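Peer 1: Structure incoming, see below.
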Amino acid sequence: MEISLESLAIKRIADCDVYVGKGIPTPWKRLFGGQTLGQSVMAACYTVDSDYPIHSLHSYFILSGSSRKDILFNVERTRDGGSFKTRAVKAMQSNRTICLSQLSFHRKEPGLSYQIDLSDAIGQEIPSVEKYAGEESEDPSEGVYKHTVASGKNWTLRYVRLDVGAPKGWQVHCSLLTFLSDQGLTGTARMVHDANW
């Protein structure tokens with residue numbers, strides 16, 4: 001699936017928290033879920049100050065969408081607190097909901113961290129990013145440079161770099177990462193079950 005900044009483009013409608021985007025043409029004529037999620041993230045980010053990065057994202061695909069129809073993104077400003085902002089995004093086509101997303105944004109502030117060291121989690125040393133920066137991609141046709149760093153029975157750790165120029169702002173990076181995260185989910189799920197469907 002080709003990823004580009006244009007694939008995440010959305011347009012605001014009538015000075016409201018409503019946006020419209022276009023789907024990427026696909027051979028199966030349905031929307032690519034990662035694109036819908038990436039555009040949902042962009043829509044939510046447009047309603048939050050830039051000093052509130054994304055804290056969490058939960059999404060549910062309700063119906064398949066058509067890549068031939070526009071997608072409407074309706075953002076609800078659920079809560080605007082001092083430290084957290086919450087948004088609900090409803091992606092719709094033909095007056096039917098195709099995807100629901102809940103996003104939490106958290107202002108950066110000092111506090112405890114619960115991040116564990118990835119090397120400890122997978123039981124091996126993680127190579128530095130510099131090792132992969134100049135190498136050819138495992139799959140350059142997608143505009144995404146991927147390198148498998150480590151893998152186990154039910155997981156794969158990849159270095160990923162997007163070939164989309166130098167977009168500015170964490171909002172675009174989060175949206176692109178969301179788009180990309182949907183590439184390979186089915187394969188990962190199959191690994192656990194030794195399925196090859």
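The way I read the labels, and the way they are meant: chains A, B, ... in the order of the structure tokens, residue 1 as the first residue of every chain, and ligand 1 as the first ligand shown, with later ones counted on from there.
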Show me, as a PyMOL selection string, the residues that have an atom within 9 Å of segment 57-63 of chain A when counting only C-alpha atoms, minus same-chain residues fewer than 4 positions from it.

Peer 2: chain A and resi 33+37+41+96-104

Peer 1: Skipping near chain neighbours, those fewer than 6 positions away, what residues fall within 10 Å of Ile10 of chain A using only C-alpha atoms, listed as a PyMOL selection string?

Peer 2: chain A and resi 18-22+39-40+42-43+71-73

Peer 1: I'd like the interatomic distance between atom CA of Gly82 of chain A and atom CA of Glu109 of chain A, to a tenth of an Å.

Peer 2: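 If I compute the distance from atom CA of Gly82 of chain A to atom CA of Glu109 of chain A, I get 11.2 Å.
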
Peer 1: Go through A:Thr178, A:Thr78, A:Gln171, A:Gln124 one by one, measure the shortest atom-to-atom distance of each to Thr36 of chain A using only C-alpha atoms, and give the residue with the smallest value.

Peer 2: A:Thr178

Peer 1: What is the distance, in Å and to one decimal place, between atom CA of Asp80 of chain A and atom CA of Trp170 of chain A?

Peer 2: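 So the two atoms, atom CA of Asp80 of chain A and atom CA of Trp170 of chain A, lie 19.7 Å apart.
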
Peer 1: For the atom pair atom CA of Phe179 of chain A and atom CA of Thr156 of chain A, what is the interatomic distance in Å to one decimal place?

Peer 2: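 Distance reported for this atom pair: 17.9 Å.
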
Peer 1: Which polymer residues have any atom within 6 Å of an atom of segment 28-30 of chain A, counting only C-alpha atoms, with same-chain residues fewer than 3 positions away left out, as a count of residues only?

Peer 2: 3

Peer 1: Nearest to Arg79 of chain A among A:Val48, A:Val160, A:Leu180, A:Cys16, with distances taken over only C-alpha atoms: which residue is it?

Peer 2: A:Val48
